[in-house]
>>> print(open('run-v5.pdb').read())   # PDB, C-alpha atoms
ATOM      1  CA  MET M1087      11.889   0.656  -5.338
ATOM      2  CA  VAL M1088      12.776  -3.000  -5.662
ATOM      3  CA  SER M1089      12.655  -6.240  -3.724
ATOM      4  CA  LEU M1090      16.036  -8.000  -3.811
ATOM      5  CA  ALA M1091      17.183 -10.961  -1.732
ATOM      6  CA  GLY M1092      14.407 -10.410   0.815
ATOM      7  CA  HIS M1093      15.033  -6.654   1.149
ATOM      8  CA  TYR M1094      12.753  -3.869  -0.087
ATOM      9  CA  GLY M1095      14.162  -0.430  -0.774
ATOM     10  CA  GLU M1096      15.249   2.286  -3.133
ATOM     11  CA  VAL M1097      18.159   1.533  -5.433
ATOM     12  CA  ILE M1098      20.761   4.142  -4.547
ATOM     13  CA  LYS M1099      23.730   2.796  -6.482
ATOM     14  CA  LEU M1100      24.481   0.148  -9.091
ATOM     15  CA  GLU M1101      27.964  -1.277  -9.383
ATOM     16  CA  TRP M1102      29.364  -4.143 -11.458
ATOM     17  CA  SER M1103      29.282  -6.574  -8.562
ATOM     18  CA  VAL M1104      26.642  -5.188  -6.167
ATOM     19  CA  THR M1105      23.387  -3.247  -5.987
ATOM     20  CA  TRP M1106      22.957  -0.859  -3.048
ATOM     21  CA  LEU M1107      19.504  -0.348  -1.492
ATOM     22  CA  ARG M1108      18.227   2.086   1.127
ATOM     23  CA  THR M1109      15.369   0.606   3.153
ATOM     24  CA  PHE M1110      12.577   2.469   4.943
ATOM     25  CA  ASP M1111      14.468   1.837   8.182
ATOM     26  CA  ASP M1112      17.291   3.926   6.633
ATOM     27  CA  ASN M1113      19.554   0.898   6.398
ATOM     28  CA  THR M1114      21.923   0.558   3.474
ATOM     29  CA  ILE M1115      21.890  -2.958   2.053
ATOM     30  CA  MET M1116      24.493  -4.315  -0.345
ATOM     31  CA  VAL M1117      23.084  -7.120  -2.493
ATOM     32  CA  PRO M1118      25.583  -9.056  -4.621
ATOM     33  CA  ASN M1119      24.493  -9.012  -8.252
ATOM     34  CA  ALA M1120      25.067 -12.774  -8.368
ATOM     35  CA  GLU M1121      22.100 -13.001  -5.927
ATOM     36  CA  VAL M1122      20.065 -10.628  -8.067
ATOM     37  CA  LEU M1123      20.586 -12.769 -11.156
ATOM     38  CA  LYS M1124      19.337 -15.910  -9.361
ATOM     39  CA  ASN M1125      15.911 -14.488  -8.468
ATOM     40  CA  ALA M1126      13.077 -12.454  -9.903
ATOM     41  CA  VAL M1127      13.305  -8.726  -9.243
ATOM     42  CA  SER M1128      10.158  -6.845  -8.302
ATOM     43  CA  ASN M1129      10.279  -3.183  -9.319
ATOM     44  CA  ALA M1130       7.495  -1.068  -7.850
ATOM     45  CA  ASN M1131       7.984   2.137  -9.858
ATOM     46  CA  SER M1132      10.201   1.449 -12.898
ATOM     47  CA  GLY M1133      12.423   4.393 -12.024
ATOM     48  CA  ALA M1134       9.595   6.949 -11.736
ATOM     49  CA  LEU M1135       9.224   9.108  -8.650
ATOM     50  CA  ASP M1136       5.591   8.039  -8.150
ATOM     51  CA  GLU M1137       4.563   4.478  -7.302
ATOM     52  CA  MET M1138       1.334   2.479  -7.083
ATOM     53  CA  VAL M1139       0.375   1.342  -3.611
ATOM     54  CA  VAL M1140      -2.405  -1.171  -2.967
ATOM     55  CA  ILE M1141      -4.234  -1.195   0.379
ATOM     56  CA  SER M1142      -7.102  -3.587   1.169
ATOM     57  CA  PHE M1143      -9.660  -3.460   3.960
ATOM     58  CA  ASN M1144     -11.960  -6.252   5.103
ATOM     59  CA  LEU M1145     -15.522  -5.401   6.083
ATOM     60  CA  PRO M1146     -18.454  -7.547   7.183
ATOM     61  CA  LEU M1147     -20.869  -8.471   4.401
ATOM     62  CA  HIS M1148     -23.668  -6.430   5.996
ATOM     63  CA  ALA M1149     -21.722  -3.151   5.615
ATOM     64  CA  ASP M1150     -23.043  -0.797   2.938
ATOM     65  CA  HIS M1151     -20.607  -1.401   0.077
ATOM     66  CA  LYS M1152     -21.593   1.747  -1.824
ATOM     67  CA  GLN M1153     -20.923   3.905   1.206
ATOM     68  CA  ALA M1154     -17.651   2.057   1.885
ATOM     69  CA  ILE M1155     -16.470   2.705  -1.682
ATOM     70  CA  ALA M1156     -17.411   6.388  -1.407
ATOM     71  CA  LEU M1157     -15.540   6.724   1.906
ATOM     72  CA  ALA M1158     -12.465   4.994   0.472
ATOM     73  CA  LYS M1159     -12.518   7.318  -2.576
ATOM     74  CA  GLU M1160     -12.747  10.358  -0.335
ATOM     75  CA  ALA M1161      -9.886   9.127   1.862
ATOM     76  CA  ARG M1162      -7.490   8.590  -1.018
ATOM     77  CA  GLN M1163      -8.396  11.903  -2.672
ATOM     78  CA  CYS M1164      -7.867  13.838   0.563
ATOM     79  CA  SER M1165      -4.470  12.384   1.367
ATOM     80  CA  PRO M1166      -1.737  14.954   0.750
ATOM     81  CA  TYR M1167       0.501  12.113  -0.486
ATOM     82  CA  THR M1168      -1.772  10.971  -3.341
ATOM     83  CA  PHE M1169      -0.439  11.594  -6.848
ATOM     84  CA  LEU M1170      -3.631  12.718  -8.563
ATOM     85  CA  ASN M1171      -2.212  12.748 -12.124
ATOM     86  CA  LYS M1172      -2.494   8.961 -12.342
ATOM     87  CA  PRO M1173      -5.599   6.770 -12.107
ATOM     88  CA  ILE M1174      -6.971   5.790  -8.728
ATOM     89  CA  ARG M1175      -9.115   2.677  -8.446
ATOM     90  CA  ILE M1176     -11.390   1.290  -5.775
ATOM     91  CA  ILE M1177     -12.168  -2.407  -6.196
ATOM     92  CA  LEU M1178     -14.874  -4.337  -4.365
ATOM     93  CA  GLY M1179     -14.391  -8.048  -3.754
ATOM     94  CA  THR M1180     -15.116 -10.792  -1.261
ATOM     95  CA  ASP M1181     -12.858 -12.938   0.867
ATOM     96  CA  LEU M1182     -13.049 -15.629   3.506
ATOM     97  CA  SER M1183     -11.310 -14.112   6.539
ATOM     98  CA  TYR M1184     -11.528 -14.877  10.232
ATOM     99  CA  GLY M1185     -13.771 -17.833   9.409
ATOM    100  CA  GLN M1186     -16.425 -15.687   7.738
ATOM    101  CA  HIS M1187     -17.123 -14.175   4.346
ATOM    102  CA  MET M1188     -16.106 -10.534   4.181
ATOM    103  CA  GLN M1189     -16.226  -7.698   1.674
ATOM    104  CA  THR M1190     -12.843  -6.461   0.524
ATOM    105  CA  ILE M1191     -12.376  -2.828  -0.424
ATOM    106  CA  THR M1192      -9.075  -2.360  -2.266
ATOM    107  CA  ILE M1193      -7.592   1.064  -2.945
ATOM    108  CA  LYS M1194      -5.082   1.267  -5.796
ATOM    109  CA  ALA M1195      -3.513   4.708  -5.843
ATOM    110  CA  TYR M1196      -0.167   6.336  -6.584
ATOM    111  CA  VAL M1197       1.971   8.024  -3.973
ATOM    112  CA  MET M1198       3.652  11.177  -5.284
ATOM    113  CA  ASP M1199       7.140  10.192  -4.084
ATOM    114  CA  ILE M1200       8.430   6.703  -3.301
ATOM    115  CA  ARG M1201      10.071   8.012  -0.133
ATOM    116  CA  LEU M1202       6.594   8.886   1.208
ATOM    117  CA  GLU M1203       5.194   5.383   0.655
ATOM    118  CA  ARG M1204       4.886   4.453   4.343
ATOM    119  CA  LYS M1205       3.417   7.855   5.287
ATOM    120  CA  PHE M1206       0.905   7.460   2.458
ATOM    121  CA  ILE M1207      -0.106   3.980   3.635
ATOM    122  CA  SER M1208      -0.482   5.182   7.223
ATOM    123  CA  ASP M1209      -2.475   8.253   6.184
ATOM    124  CA  ILE M1210      -4.874   6.208   4.037
ATOM    125  CA  ASN M1211      -5.294   3.612   6.813
ATOM    126  CA  VAL M1212      -6.132   6.283   9.403
ATOM    127  CA  ARG M1213      -8.568   8.066   7.084
ATOM    128  CA  VAL M1214     -10.366   4.903   5.955
ATOM    129  CA  LEU M1215     -10.524   3.250   9.382
ATOM    130  CA  ASP M1216     -11.836   6.466  10.977
ATOM    131  CA  ALA M1217     -14.473   6.810   8.247
ATOM    132  CA  PHE M1218     -15.525   3.160   8.572
ATOM    133  CA  LYS M1219     -15.764   3.495  12.377
ATOM    134  CA  ASP M1220     -17.851   6.659  12.046
ATOM    135  CA  ALA M1221     -20.133   4.812   9.614
ATOM    136  CA  HIS M1222     -20.546   1.970  12.181
ATOM    137  CA  PHE M1223     -19.483  -0.675   9.663
ATOM    138  CA  TYR M1224     -18.355  -2.950  12.456
ATOM    139  CA  ASP M1225     -18.682  -3.211  16.204
ATOM    140  CA  ASP M1226     -15.827  -3.342  18.759
ATOM    141  CA  LYS M1227     -15.521  -7.125  18.448
ATOM    142  CA  GLN M1228     -14.872  -7.225  14.716
ATOM    143  CA  ILE M1229     -11.460  -6.661  13.207
ATOM    144  CA  ILE M1230     -10.628  -4.777  10.043
ATOM    145  CA  SER M1231      -7.144  -5.638   8.895
ATOM    146  CA  PRO M1232      -5.540  -3.452   6.282
ATOM    147  CA  GLN M1233      -3.400  -5.416   3.843
ATOM    148  CA  VAL M1234      -0.776  -3.656   1.780
ATOM    149  CA  THR M1235       0.709  -4.798  -1.486
ATOM    150  CA  LEU M1236       3.562  -2.989  -3.171
TER     151      LEU M1236
END
>>> encode(input="run-v5.pdb", output="structure tokens")
Amino acid sequence: MVSLAGHYGEVIKLEWSVTWLRTFDDNTIMVPNAEVLKNAVSNANSGALDEMVVISFNLPLHADHKQAIALAKEARQCSPYTFLNKPIRIILGTDLSYGQHMQTITIKAYVMDIRLERKFISDINVRVLDAFKDAHFYDDKQIISPQVTL
């Protein structure tokens, strides 16, 4: 999985003059290698089938951070898309979002197959948001915005 010329996808073919990508929208993108040589190339998995995915959640400062970390750990372990042979990390931080200081819970975990990346992200988001709602970490007026980094 690479980012080339503003496109993110799986490298499906390399030729002398172009690199072919398949995006998650199932589009085939031809990127001229002259473009590739002009810019940095971000490679999410270095050719391996698994890939690290980073998902962050913002919570109000009053939320129980220990419980939030435990719920996030449970969510990522229960996902059928999690590659459990590699390390999984939960990181607690703070951020200024929506004009207020928030806690940030970041899940760093590996998806078992790069083609399942979006399903993995969606599954983790549903599991974590449901758990946080059930724990009453925020009321209906507050927003939790998942942020994904690949």
>>> resolve_selection(input="run-v5.pdb", expression="the PyMOL selection byres ((chain M and resi 1095-1101) around 12)", output="ChimeraX atom specification")
/M:1087-1094,1102-1120,1122,1127-1135,1137,1199-1204,1236
>>> write_last_selection(input="run-v5.pdb", atoms="C-alpha atoms", output="short mmCIF file (atom, residue, chain, number, x, y, z; two decimals), in the frame of the given file")
data_model
loop_
_atom_site.label_atom_id
_atom_site.label_comp_id
_atom_site.auth_asym_id
_atom_site.auth_seq_id
_atom_site.Cartn_x
_atom_site.Cartn_y
_atom_site.Cartn_z
CA MET M 1087 11.89 0.66 -5.34
CA VAL M 1088 12.78 -3.00 -5.66
CA SER M 1089 12.66 -6.24 -3.72
CA LEU M 1090 16.04 -8.00 -3.81
CA ALA M 1091 17.18 -10.96 -1.73
CA GLY M 1092 14.41 -10.41 0.82
CA HIS M 1093 15.03 -6.65 1.15
CA TYR M 1094 12.75 -3.87 -0.09
CA TRP M 1102 29.36 -4.14 -11.46
CA SER M 1103 29.28 -6.57 -8.56
CA VAL M 1104 26.64 -5.19 -6.17
CA THR M 1105 23.39 -3.25 -5.99
CA TRP M 1106 22.96 -0.86 -3.05
CA LEU M 1107 19.50 -0.35 -1.49
CA ARG M 1108 18.23 2.09 1.13
CA THR M 1109 15.37 0.61 3.15
CA PHE M 1110 12.58 2.47 4.94
CA ASP M 1111 14.47 1.84 8.18
CA ASP M 1112 17.29 3.93 6.63
CA ASN M 1113 19.55 0.90 6.40
CA THR M 1114 21.92 0.56 3.47
CA ILE M 1115 21.89 -2.96 2.05
CA MET M 1116 24.49 -4.32 -0.34
CA VAL M 1117 23.08 -7.12 -2.49
CA PRO M 1118 25.58 -9.06 -4.62
CA ASN M 1119 24.49 -9.01 -8.25
CA ALA M 1120 25.07 -12.77 -8.37
CA VAL M 1122 20.07 -10.63 -8.07
CA VAL M 1127 13.30 -8.73 -9.24
CA SER M 1128 10.16 -6.84 -8.30
CA ASN M 1129 10.28 -3.18 -9.32
CA ALA M 1130 7.50 -1.07 -7.85
CA ASN M 1131 7.98 2.14 -9.86
CA SER M 1132 10.20 1.45 -12.90
CA GLY M 1133 12.42 4.39 -12.02
CA ALA M 1134 9.60 6.95 -11.74
CA LEU M 1135 9.22 9.11 -8.65
CA GLU M 1137 4.56 4.48 -7.30
CA ASP M 1199 7.14 10.19 -4.08
CA ILE M 1200 8.43 6.70 -3.30
CA ARG M 1201 10.07 8.01 -0.13
CA LEU M 1202 6.59 8.89 1.21
CA GLU M 1203 5.19 5.38 0.66
CA ARG M 1204 4.89 4.45 4.34
CA LEU M 1236 3.56 -2.99 -3.17
#
>>> residues_near_point(input="run-v5.pdb", point="(-11.1, -8.1, 1.5)", cutoff="10 Å", atoms="all atoms listed in the file", output="ChimeraX atom specification")
/M:1141-1146,1177-1183,1187-1192,1230-1233
>>> resolve_selection(input="run-v5.pdb", expression="the PyMOL selection byres ((chain M and resi 1153) around 12)", output="list of chain:residue names")
M:Leu1145, M:His1148, M:Ala1149, M:Asp1150, M:His1151, M:Lys1152, M:Ala1154, M:Ile1155, M:Ala1156, M:Leu1157, M:Ala1158, M:Lys1159, M:Glu1160, M:Leu1178, M:Ile1191, M:Val1214, M:Ala1217, M:Phe1218, M:Asp1220, M:Ala1221, M:His1222, M:Phe1223
>>> atom_distance(input="run-v5.pdb", atom1="atom CA of Val1140 of chain M", atom2="atom CA of Tyr1224 of chain M")
22.3 Å
>>> atom_distance(input="run-v5.pdb", atom1="atom CA of Ile1176 of chain M", atom2="atom CA of Ile1193 of chain M")
4.7 Å
>>> resolve_selection(input="run-v5.pdb", expression="the PyMOL selection byres ((chain M and resi 1195) around 6)", output="list in words")
Met1138, Val1139, Ile1174, Lys1194 and Tyr1196 of chain M
>>> build_atoms(input="run-v5.pdb", residues="segment 1187-1213 of chain M", atoms="N, CA, C and O atoms", output="compact mmCIF listing (two decimals), keeping the file's coordinate frame")
# COMPACT_ATOMS: atom_id res chain seq x y z
N HIS M 1187 -17.23 -14.89 5.61
CA HIS M 1187 -17.12 -14.18 4.35
C HIS M 1187 -17.15 -12.68 4.64
O HIS M 1187 -17.94 -12.21 5.45
N MET M 1188 -16.25 -11.97 3.97
CA MET M 1188 -16.11 -10.53 4.18
C MET M 1188 -16.10 -9.83 2.82
O MET M 1188 -15.79 -10.43 1.80
N GLN M 1189 -16.44 -8.55 2.84
CA GLN M 1189 -16.23 -7.70 1.67
C GLN M 1189 -14.78 -7.21 1.73
O GLN M 1189 -14.24 -6.99 2.81
N THR M 1190 -14.18 -7.03 0.59
CA THR M 1190 -12.84 -6.46 0.52
C THR M 1190 -12.90 -5.19 -0.31
O THR M 1190 -13.37 -5.20 -1.45
N ILE M 1191 -12.48 -4.10 0.28
CA ILE M 1191 -12.38 -2.83 -0.42
C ILE M 1191 -10.88 -2.62 -0.66
O ILE M 1191 -10.10 -2.56 0.28
N THR M 1192 -10.48 -2.53 -1.92
CA THR M 1192 -9.07 -2.36 -2.27
C THR M 1192 -8.88 -1.01 -2.93
O THR M 1192 -9.56 -0.68 -3.90
N ILE M 1193 -7.95 -0.23 -2.38
CA ILE M 1193 -7.59 1.06 -2.94
C ILE M 1193 -6.28 0.88 -3.71
O ILE M 1193 -5.30 0.40 -3.15
N LYS M 1194 -6.30 1.26 -4.98
CA LYS M 1194 -5.08 1.27 -5.80
C LYS M 1194 -4.84 2.71 -6.18
O LYS M 1194 -5.59 3.28 -6.97
N ALA M 1195 -3.81 3.30 -5.60
CA ALA M 1195 -3.51 4.71 -5.84
C ALA M 1195 -2.00 4.91 -5.89
O ALA M 1195 -1.24 4.09 -5.38
N TYR M 1196 -1.59 6.02 -6.46
CA TYR M 1196 -0.17 6.34 -6.58
C TYR M 1196 0.25 7.34 -5.52
O TYR M 1196 -0.46 8.33 -5.28
N VAL M 1197 1.36 7.07 -4.89
CA VAL M 1197 1.97 8.02 -3.97
C VAL M 1197 2.86 8.94 -4.81
O VAL M 1197 3.46 8.50 -5.80
N MET M 1198 2.93 10.21 -4.45
CA MET M 1198 3.65 11.18 -5.28
C MET M 1198 5.17 11.00 -5.26
O MET M 1198 5.85 11.40 -6.19
N ASP M 1199 5.69 10.39 -4.20
CA ASP M 1199 7.14 10.19 -4.08
C ASP M 1199 7.37 8.88 -3.35
O ASP M 1199 6.80 8.66 -2.27
N ILE M 1200 8.20 8.02 -3.90
CA ILE M 1200 8.43 6.70 -3.30
C ILE M 1200 8.90 6.79 -1.86
O ILE M 1200 8.62 5.90 -1.07
N ARG M 1201 9.57 7.87 -1.51
CA ARG M 1201 10.07 8.01 -0.13
C ARG M 1201 8.95 8.27 0.87
O ARG M 1201 9.15 8.18 2.07
N LEU M 1202 7.76 8.61 0.35
CA LEU M 1202 6.59 8.89 1.21
C LEU M 1202 5.64 7.70 1.27
O LEU M 1202 4.54 7.81 1.81
N GLU M 1203 6.07 6.56 0.74
CA GLU M 1203 5.19 5.38 0.66
C GLU M 1203 4.59 5.01 2.00
O GLU M 1203 3.38 4.81 2.12
N ARG M 1204 5.40 4.87 3.03
CA ARG M 1204 4.89 4.45 4.34
C ARG M 1204 3.98 5.51 4.97
O ARG M 1204 2.98 5.18 5.60
N LYS M 1205 4.30 6.79 4.79
CA LYS M 1205 3.42 7.86 5.29
C LYS M 1205 2.07 7.81 4.56
O LYS M 1205 1.02 8.02 5.17
N PHE M 1206 2.13 7.56 3.27
CA PHE M 1206 0.90 7.46 2.46
C PHE M 1206 0.04 6.31 2.96
O PHE M 1206 -1.17 6.48 3.18
N ILE M 1207 0.63 5.15 3.15
CA ILE M 1207 -0.11 3.98 3.64
C ILE M 1207 -0.73 4.27 4.99
O ILE M 1207 -1.91 3.99 5.22
N SER M 1208 0.03 4.86 5.89
CA SER M 1208 -0.48 5.18 7.22
C SER M 1208 -1.62 6.19 7.14
O SER M 1208 -2.66 6.04 7.79
N ASP M 1209 -1.45 7.22 6.33
CA ASP M 1209 -2.48 8.25 6.18
C ASP M 1209 -3.77 7.67 5.64
O ASP M 1209 -4.86 7.95 6.15
N ILE M 1210 -3.68 6.84 4.61
CA ILE M 1210 -4.87 6.21 4.04
C ILE M 1210 -5.54 5.29 5.08
O ILE M 1210 -6.76 5.30 5.23
N ASN M 1211 -4.73 4.49 5.79
CA ASN M 1211 -5.29 3.61 6.81
C ASN M 1211 -6.05 4.40 7.87
O ASN M 1211 -7.18 4.04 8.23
N VAL M 1212 -5.47 5.48 8.37
CA VAL M 1212 -6.13 6.28 9.40
C VAL M 1212 -7.43 6.87 8.85
O VAL M 1212 -8.48 6.79 9.49
N ARG M 1213 -7.37 7.44 7.67
CA ARG M 1213 -8.57 8.07 7.08
C ARG M 1213 -9.69 7.05 6.84
O ARG M 1213 -10.85 7.30 7.18
